[in-house]
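Undergrad: The structure is given below, and queries will be raised subsequently.
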Amino acid sequence: MTNSTIKSFFRTASAQTAGDEPVDAAIHQLGVMQSMAHLCDEGMQVRVNMASRAGAYLTHDAPTSATAWYQIGIFGPFPMTLQPDRTACLFRVRLAGFSDKGGAVKWRLGVAPFEDAVSTTQATIDTNAMEFTTSSLTTAWIDPSGPLTIPAYYVAAAQRTINSLIAVGGTANATVGITAMCAVVFGQAPIGDLAKMTGLYVAEYTGP
Amino acid sequence: MTGIVPSVIVVPGFAVAQAGRNVGSEWYDAALMSNWLLGHGSQVIPAYYPNSGPAAAASKTYRFRTKLRTQAIQLVWVVTCRSTDTSLPATVTITTPAGGTPANAYASGACAYRARLVPIFHTQNLASQSNSDVEISITIAATTFGVNVESIACWEVPRASLVQDTTDYGIDPNSCAQRQPIYVPADGAGVSIGQVALNADRGRTTARRAGLLQWAVPANTTDAIAFTSTSPVDVFSLGAPVLCRKQYTADTTGTVSVKAYVACSDTTSTFRLRANTTSGGTATGIQALGAFAPASAFGWQGAPFTFAMDCEDLSVSDGRRSARYDLLSFDITRITGAGTLYLASLSAYET
């Protein structure tokens with residue numbers, strides 16, 4: 001759920017936060033804390049937004065098995081946003097594509113740490129992965145079955161530290177922690193067919 | 001202590017900030033929340049598929065337009081490439097242009113053909129801090145074999161701490177602790193509850209979505225998309241999902257800025273770029289972004305075009321304001337002349 005209970009920025013007159021003004025609890029709860037919490041909610045980021053020019057698509061190897069999963073692409077890693085309780089944000093996802101020959105083709109989209117995204121997306125569908133299916137020869141967005149949720153063990157597995165400069169133009173670094181996640185897409189198609197992906201959208205949100 | 005940036009959102013207990021209660025430790029948390037808001041960094045380029053790349057012993061440059069956060073001092077570029085050779089991997093070198101001396105200026109990695117790709121990282125140190133509308137770019141050079149670039153993404157490196165000044169606006173949380181004096185300091189002093197209040201409004205503009213939709217290919221007449229039709233021709237095969245951030249209670253839309261990197265074979269020709277939004281709110285319909293006459297050399301076309309598009313509805317999980325998804329597409333029409341327009345980059349971002 002959102003960190004702000006009013007789900008918007010709250011206007012306050014600048015005079016209300018000027019010197020010698022009394023600290024009004026209501027104003028400061030709504031005008032400062034709720035407003036900043038709302039900005040944190042809106043600080044969730046769009047991590048993947050793939051728009052393809054006409055005729056462009058990403059696909060996989062020619063399948064030798066109609067039930068095998070073949071990697072189509074990997075997007076990221078990106079520093080996933082964590083909620084105050086260190087659980088993961090949710091992900092709104094959509095995928096666009098078409099079947100090359102008209103057979104029933106599938107995609108599996110997973111969001112996970114790099115080393116886990118590759119294997120787990122192929123093996124099973126957990127809450128951090130989703131399937132999309134079509135047999136259409138025309139590219140179109142395929143609606144998701146819901147948001148992606150990231151299990152706590154993937155959040156734990158994705159913890160990394162990176163260097164972060166202390167000051168612009170400087171050389172001294174501090175270490176910051178990030179939760180490095182990837183979006184990985186696999187395809188599955190009948191022998192002789194291909195699952196062709198033309199669009200992908202992966203965006204964080206806090207939850208309603 | 002400086003303006004330390006926590007790794008997760010810190011939210012104070014709202015119920016504590018009530019009339020009749022004394023000012024307590026929730027303001028310490030509020031200072032941390034402000035530092036997270038300003039210092040956690042944003043996704044400047046959501047990952048996308050360029051569908052182009054350098055041949056062997058050649059290089060290609062991808063250009064994007066955006067507004068970074070003032071607090072950003074480093075960018076991380078993440079690239080995946082696929083070798084165009086059928087059996088052997090290729091090696092690429094990634095560089096970023098003027099804008100400081102990167103601590104690790106070069107990154108390279110093997111790019112497997114039809115194998116699982118490994119992302120390549122490149123860190124760019126910025127020369128200065130600014131939230132101006134700027135171009136950022138990356139050059140990918142191939143050595144032994146050519147590559148097809150399959151994804152490019154870029155994000156601001158989270159800051160470990162923010163300086164207490166009029167650039168970073170970091171806050172020392174200890175200055176907001178219980179029993180500390182309450183006063184309104186000079187903006188940028190980075191102390192007391194007053195700075196938290198000042199930063200609340202600052203965060204409203206800082207926390208914009210710097211990357212809504214970014215697309216770029218190398219700026220040449222082979223890689224760029226060519227337009228000659230006097231009827232509208234779509235830039236992309238489908239519209240891309242876009243949701244602006246919601247600000248005030250009554251807001252149903254946000255403002256999207258768009259810039260295009262173009263050239264034309266005939267500088268007397270004029271073209272029209274249109275944005276088509278399918279959102280069910282007030283931004284529905286085709287919006288003419290104006291006619292322009294591009295130069296013969298590639299360049300960013302004038303000031304950003306701006307238009308309204310639905311903002312996120314935080315009360316529903318899909319964020320939509322109607323039954324339809326919010327898609328943004330573009331088309332280009334030749335208005336006058338006989339020239340060919342070449343489109344190499346299209347950037348949509350919040351300002």
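Just remember, in the structure tokens the first chain shown is A, the second B, etc., residues are 1-based per chain, and ligands are 1-based in the order shown.
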Give one line per residue of chain A that approaches chain B to at most 7 Å, naming the two atoms of the closest pair and their distance in Å to one decimal, counting only C-alpha atoms; sort by chain then ascending residue number and deliver it as a Markdown table.

TA:
```
| residue | atom | partner | partner_atom | distance |
| --- | --- | --- | --- | --- |
| A:Lys7 | CA | B:Leu314 | CA | 6.6 |
| A:Ser8 | CA | B:Thr249 | CA | 5.1 |
| A:Phe9 | CA | B:Tyr248 | CA | 4.8 |
| A:Phe10 | CA | B:Tyr248 | CA | 6.6 |
| A:Thr17 | CA | B:Ala197 | CA | 6.7 |
| A:Ala18 | CA | B:Val184 | CA | 6.4 |
| A:Gly19 | CA | B:Val184 | CA | 5.1 |
| A:Asp24 | CA | B:Ala19 | CA | 7.0 |
| A:Ala25 | CA | B:Gln18 | CA | 4.8 |
| A:Ala26 | CA | B:Gln18 | CA | 6.0 |
| A:Gln29 | CA | B:Ala17 | CA | 5.5 |
| A:Val32 | CA | B:Ala197 | CA | 5.6 |
| A:Met33 | CA | B:Ala30 | CA | 6.5 |
| A:Ser35 | CA | B:Ala200 | CA | 6.7 |
| A:Met36 | CA | B:Ala200 | CA | 5.6 |
| A:Ala37 | CA | B:Val11 | CA | 6.6 |
| A:Leu39 | CA | B:Arg204 | CA | 6.5 |
| A:Cys40 | CA | B:Leu37 | CA | 6.0 |
| A:Glu42 | CA | B:Arg245 | CA | 5.8 |
| A:Gly43 | CA | B:Ala207 | CA | 6.0 |
| A:Gln45 | CA | B:Gln43 | CA | 6.1 |
| A:Val46 | CA | B:Pro46 | CA | 6.0 |
| A:Arg47 | CA | B:Pro46 | CA | 4.7 |
| A:Val48 | CA | B:Ala47 | CA | 4.4 |
| A:Asn49 | CA | B:Pro46 | CA | 5.5 |
| A:Met50 | CA | B:Tyr48 | CA | 4.2 |
| A:Ala51 | CA | B:Ala240 | CA | 5.9 |
| A:Ser52 | CA | B:Phe236 | CA | 5.4 |
| A:Arg53 | CA | B:Phe236 | CA | 4.2 |
| A:Ala54 | CA | B:Ser237 | CA | 4.7 |
| A:Ala56 | CA | B:Asn51 | CA | 6.9 |
| A:Asp61 | CA | B:Arg114 | CA | 6.7 |
| A:Gln71 | CA | B:Arg116 | CA | 6.6 |
| A:Phe75 | CA | B:Ala47 | CA | 6.0 |
| A:Gly76 | CA | B:Val78 | CA | 6.3 |
| A:Leu82 | CA | B:Val8 | CA | 5.4 |
| A:Gln83 | CA | B:Ile9 | CA | 5.9 |
| A:Pro84 | CA | B:Ile9 | CA | 4.9 |
| A:Arg86 | CA | B:Val8 | CA | 6.7 |
| A:Arg92 | CA | B:Asp318 | CA | 6.5 |
| A:Ser164 | CA | B:Arg159 | CA | 6.1 |
| A:Ile166 | CA | B:Ala160 | CA | 7.0 |
| A:Val168 | CA | B:Ile73 | CA | 5.5 |
| A:Gly169 | CA | B:Ala127 | CA | 6.0 |
| A:Ala174 | CA | B:Ala160 | CA | 6.3 |
| A:Thr175 | CA | B:Ala160 | CA | 6.9 |
| A:Val176 | CA | B:Ala160 | CA | 5.7 |
| A:Gly177 | CA | B:Ser7 | CA | 6.5 |
| A:Tyr201 | CA | B:Pro241 | CA | 6.9 |
| A:Gly207 | CA | B:Ser317 | CA | 5.7 |
| A:Pro208 | CA | B:Ser315 | CA | 4.6 |
```

Undergrad: Save the residues we just selected, C-alpha atoms, as a JSON list (two decimals), in the first residue's frame?

TA:
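Generated file (selection31.json):
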```json
[["chain", "number", "residue", "atom", "x", "y", "z"],
["A", 7, "LYS", "CA", -2.04, 9.85, -1.98],
["A", 8, "SER", "CA", -1.21, 13.36, -3.18],
["A", 9, "PHE", "CA", 0.92, 16.38, -2.50],
["A", 10, "PHE", "CA", -0.61, 18.75, 0.04],
["A", 17, "THR", "CA", 6.69, 27.39, 7.28],
["A", 18, "ALA", "CA", 8.41, 30.75, 7.72],
["A", 19, "GLY", "CA", 10.44, 31.85, 10.70],
["A", 24, "ASP", "CA", 1.28, 23.50, 13.57],
["A", 25, "ALA", "CA", 1.04, 19.76, 13.88],
["A", 26, "ALA", "CA", -1.70, 19.35, 11.28],
["A", 29, "GLN", "CA", 1.78, 16.19, 9.22],
["A", 32, "VAL", "CA", 5.45, 17.98, 5.11],
["A", 33, "MET", "CA", 5.34, 14.34, 6.11],
["A", 35, "SER", "CA", 3.57, 15.17, 1.07],
["A", 36, "MET", "CA", 7.04, 13.70, 1.21],
["A", 37, "ALA", "CA", 5.63, 10.21, 1.69],
["A", 39, "LEU", "CA", 6.67, 11.87, -3.33],
["A", 40, "CYS", "CA", 8.37, 8.67, -2.18],
["A", 42, "GLU", "CA", 5.82, 8.58, -6.88],
["A", 43, "GLY", "CA", 9.56, 8.00, -6.74],
["A", 45, "GLN", "CA", 10.70, 4.15, -11.43],
["A", 46, "VAL", "CA", 9.98, 2.86, -14.93],
["A", 47, "ARG", "CA", 12.74, 0.25, -15.37],
["A", 48, "VAL", "CA", 11.98, -1.07, -18.86],
["A", 49, "ASN", "CA", 9.99, 0.61, -21.63],
["A", 50, "MET", "CA", 10.78, -0.99, -24.96],
["A", 51, "ALA", "CA", 9.15, 0.54, -28.02],
["A", 52, "SER", "CA", 10.14, -0.99, -31.36],
["A", 53, "ARG", "CA", 10.33, 0.67, -34.72],
["A", 54, "ALA", "CA", 8.26, -0.94, -37.47],
["A", 56, "ALA", "CA", 11.90, -4.63, -35.28],
["A", 61, "ASP", "CA", 16.83, -19.41, -31.31],
["A", 71, "GLN", "CA", 16.24, -16.67, -23.76],
["A", 75, "PHE", "CA", 17.15, -5.86, -19.28],
["A", 76, "GLY", "CA", 19.09, -4.46, -16.35],
["A", 82, "LEU", "CA", 12.51, -1.13, -1.45],
["A", 83, "GLN", "CA", 9.60, -0.31, 0.81],
["A", 84, "PRO", "CA", 10.15, 0.89, 4.40],
["A", 86, "ARG", "CA", 12.53, -3.79, 3.15],
["A", 92, "ARG", "CA", 3.32, -3.36, -13.39],
["A", 164, "SER", "CA", 29.24, 6.08, -4.97],
["A", 166, "ILE", "CA", 31.12, 11.44, -2.23],
["A", 168, "VAL", "CA", 31.20, 15.73, -7.81],
["A", 169, "GLY", "CA", 34.62, 15.83, -9.42],
["A", 174, "ALA", "CA", 31.56, 5.62, -0.23],
["A", 175, "THR", "CA", 29.78, 2.30, -0.51],
["A", 176, "VAL", "CA", 26.03, 2.18, -1.00],
["A", 177, "GLY", "CA", 23.75, -0.82, -1.03],
["A", 201, "TYR", "CA", 7.03, -2.52, -19.92],
["A", 207, "GLY", "CA", 0.54, -0.80, -4.42],
["A", 208, "PRO", "CA", -2.86, 0.84, -3.92]]
```

Undergrad: List as an NGL selection string the protein and nucleic acid residues near Gly192 (chain A), meaning an atom at most 9 Å away when only C-alpha atoms are counted, but skip any in the same chain fewer than 6 places from it.

TA: :A and (62-64 or 100-101)

Undergrad: Please, could you write that set of residues out with N, CA, C and O atoms as a PDB file, in the first residue's frame?

TA:
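What ended up in selection-v9.pdb:
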```
ATOM      1  N   ALA A  62      15.902 -20.730 -33.103  1.00  0.00           N
ATOM      2  CA  ALA A  62      14.916 -21.642 -33.694  1.00  0.00           C
ATOM      3  C   ALA A  62      14.749 -22.833 -32.762  1.00  0.00           C
ATOM      4  O   ALA A  62      15.723 -23.503 -32.412  1.00  0.00           O
ATOM      5  N   PRO A  63      13.519 -23.097 -32.294  1.00  0.00           N
ATOM      6  CA  PRO A  63      13.339 -24.139 -31.275  1.00  0.00           C
ATOM      7  C   PRO A  63      13.578 -25.548 -31.829  1.00  0.00           C
ATOM      8  O   PRO A  63      13.145 -25.873 -32.939  1.00  0.00           O
ATOM      9  N   THR A  64      14.247 -26.359 -31.043  1.00  0.00           N
ATOM     10  CA  THR A  64      14.392 -27.773 -31.360  1.00  0.00           C
ATOM     11  C   THR A  64      13.449 -28.609 -30.503  1.00  0.00           C
ATOM     12  O   THR A  64      13.356 -29.814 -30.659  1.00  0.00           O
ATOM     13  N   ASP A 100       5.270 -15.871 -35.171  1.00  0.00           N
ATOM     14  CA  ASP A 100       5.839 -15.755 -36.518  1.00  0.00           C
ATOM     15  C   ASP A 100       5.018 -16.531 -37.550  1.00  0.00           C
ATOM     16  O   ASP A 100       4.778 -16.049 -38.659  1.00  0.00           O
ATOM     17  N   LYS A 101       4.566 -17.746 -37.178  1.00  0.00           N
ATOM     18  CA  LYS A 101       3.837 -18.604 -38.122  1.00  0.00           C
ATOM     19  C   LYS A 101       2.381 -18.834 -37.730  1.00  0.00           C
ATOM     20  O   LYS A 101       1.663 -19.572 -38.409  1.00  0.00           O
TER      21      LYS A 101
END
```

Undergrad: Using only C-alpha atoms, which residues sit within 6 Å of Phe98 (chain A) once same-chain residues fewer than 5 positions away are excluded, as an MDAnalysis selection string?

TA: chainID A and resid 136:139 196

Undergrad: Hey, what's within 7 Å of Val93 (chain A) if we count only C-alpha atoms and toss same-chain stuff fewer than 2 positions away? As a PyMOL selection string, please?

TA: chain A and resi 91+95+144+147+201-203

Undergrad: Once DSSP has gone over the backbone, tell me which residues of chain A are in strand (DSSP E or B), as a VMD selection string.

TA: chain A and resid 9 46 to 51 53 58 70 to 79 82 88 90 to 99 105 to 112 129 to 134 140 to 142 148 159 to 165 173 to 188 195 to 205

Undergrad: Pick out the residues sitting within 7 Å of Leu109 (chain A), and hand them over as a list in words; count only C-alpha atoms, and ignore anything fewer than 4 positions along from it in its own chain.

TA: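 Near neighbours after the sequence-gap exclusion: Ala129, Met130, Glu131, Ala183, Val184, Val185 and Phe186 of chain A.
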
Undergrad: Mind checking which residues fall within 6 Å of Ala263 (chain B), counting only C-alpha atoms, ignoring those fewer than 3 positions away in the same chain, and posting them as a PyMOL selection string?

TA: chain B and resi 294-298+341-342

Undergrad: Kindly save the residues from that selection, with N, CA, C and O atoms included, as a PDB file, in the first residue's frame.

TA:
```pdb
ATOM      1  N   PRO B 294      14.018  20.739 -39.860  1.00  0.00           N
ATOM      2  CA  PRO B 294      15.319  20.285 -39.377  1.00  0.00           C
ATOM      3  C   PRO B 294      16.466  20.676 -40.298  1.00  0.00           C
ATOM      4  O   PRO B 294      16.279  20.899 -41.491  1.00  0.00           O
ATOM      5  N   ALA B 295      17.648  20.747 -39.720  1.00  0.00           N
ATOM      6  CA  ALA B 295      18.851  21.086 -40.479  1.00  0.00           C
ATOM      7  C   ALA B 295      19.403  19.849 -41.166  1.00  0.00           C
ATOM      8  O   ALA B 295      18.963  18.729 -40.926  1.00  0.00           O
ATOM      9  N   SER B 296      20.376  20.065 -42.028  1.00  0.00           N
ATOM     10  CA  SER B 296      20.963  18.947 -42.763  1.00  0.00           C
ATOM     11  C   SER B 296      21.837  18.076 -41.875  1.00  0.00           C
ATOM     12  O   SER B 296      22.038  16.899 -42.153  1.00  0.00           O
ATOM     13  N   ALA B 297      22.404  18.666 -40.819  1.00  0.00           N
ATOM     14  CA  ALA B 297      23.185  17.880 -39.867  1.00  0.00           C
ATOM     15  C   ALA B 297      22.293  17.472 -38.701  1.00  0.00           C
ATOM     16  O   ALA B 297      21.366  18.200 -38.337  1.00  0.00           O
ATOM     17  N   PHE B 298      22.562  16.305 -38.122  1.00  0.00           N
ATOM     18  CA  PHE B 298      21.748  15.845 -37.013  1.00  0.00           C
ATOM     19  C   PHE B 298      21.856  16.805 -35.832  1.00  0.00           C
ATOM     20  O   PHE B 298      22.932  17.302 -35.500  1.00  0.00           O
ATOM     21  N   LEU B 341      13.216  13.125 -43.843  1.00  0.00           N
ATOM     22  CA  LEU B 341      13.548  13.360 -42.437  1.00  0.00           C
ATOM     23  C   LEU B 341      14.144  12.085 -41.854  1.00  0.00           C
ATOM     24  O   LEU B 341      13.603  10.992 -42.067  1.00  0.00           O
ATOM     25  N   TYR B 342      15.249  12.216 -41.120  1.00  0.00           N
ATOM     26  CA  TYR B 342      15.869  11.079 -40.449  1.00  0.00           C
ATOM     27  C   TYR B 342      15.737  11.279 -38.941  1.00  0.00           C
ATOM     28  O   TYR B 342      16.209  12.287 -38.399  1.00  0.00           O
TER      29      TYR B 342
END
```

Undergrad: List every residue of region 59-268 of chain B that DSSP, applied to the backbone of this structure, assigns to alpha helix (DSSP H), and report them as a PyMOL selection string.

TA: chain B and resi 192-206

Undergrad: If you keep C-alpha atoms, can you produce a file of those selected residues as a PDB file, in the first residue's frame?

TA:
```
ATOM      1  CA  SER B 192      16.269  21.624  11.754  1.00  0.00           C
ATOM      2  CA  ILE B 193      12.664  20.946  10.991  1.00  0.00           C
ATOM      3  CA  GLY B 194      12.525  24.057   8.845  1.00  0.00           C
ATOM      4  CA  GLN B 195      14.809  22.485   6.257  1.00  0.00           C
ATOM      5  CA  VAL B 196      12.575  19.409   6.128  1.00  0.00           C
ATOM      6  CA  ALA B 197       9.617  21.670   5.357  1.00  0.00           C
ATOM      7  CA  LEU B 198      11.538  23.514   2.648  1.00  0.00           C
ATOM      8  CA  ASN B 199      12.679  20.247   1.089  1.00  0.00           C
ATOM      9  CA  ALA B 200       9.140  18.865   0.908  1.00  0.00           C
ATOM     10  CA  ASP B 201       8.281  21.240  -1.902  1.00  0.00           C
ATOM     11  CA  ARG B 202      11.719  20.876  -3.461  1.00  0.00           C
ATOM     12  CA  GLY B 203      11.151  17.131  -3.695  1.00  0.00           C
ATOM     13  CA  ARG B 204       7.999  17.736  -5.715  1.00  0.00           C
ATOM     14  CA  THR B 205      10.073  18.972  -8.641  1.00  0.00           C
ATOM     15  CA  THR B 206      13.168  16.882  -8.013  1.00  0.00           C
TER      16      THR B 206
END
```

Undergrad: Could you check how far CA of Tyr349 (chain B) sits from CA of Val258 (chain B), in Å to one decimal?

TA: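 Computed distance, CA of Tyr349 (chain B) to CA of Val258 (chain B), equals 6.6 Å.
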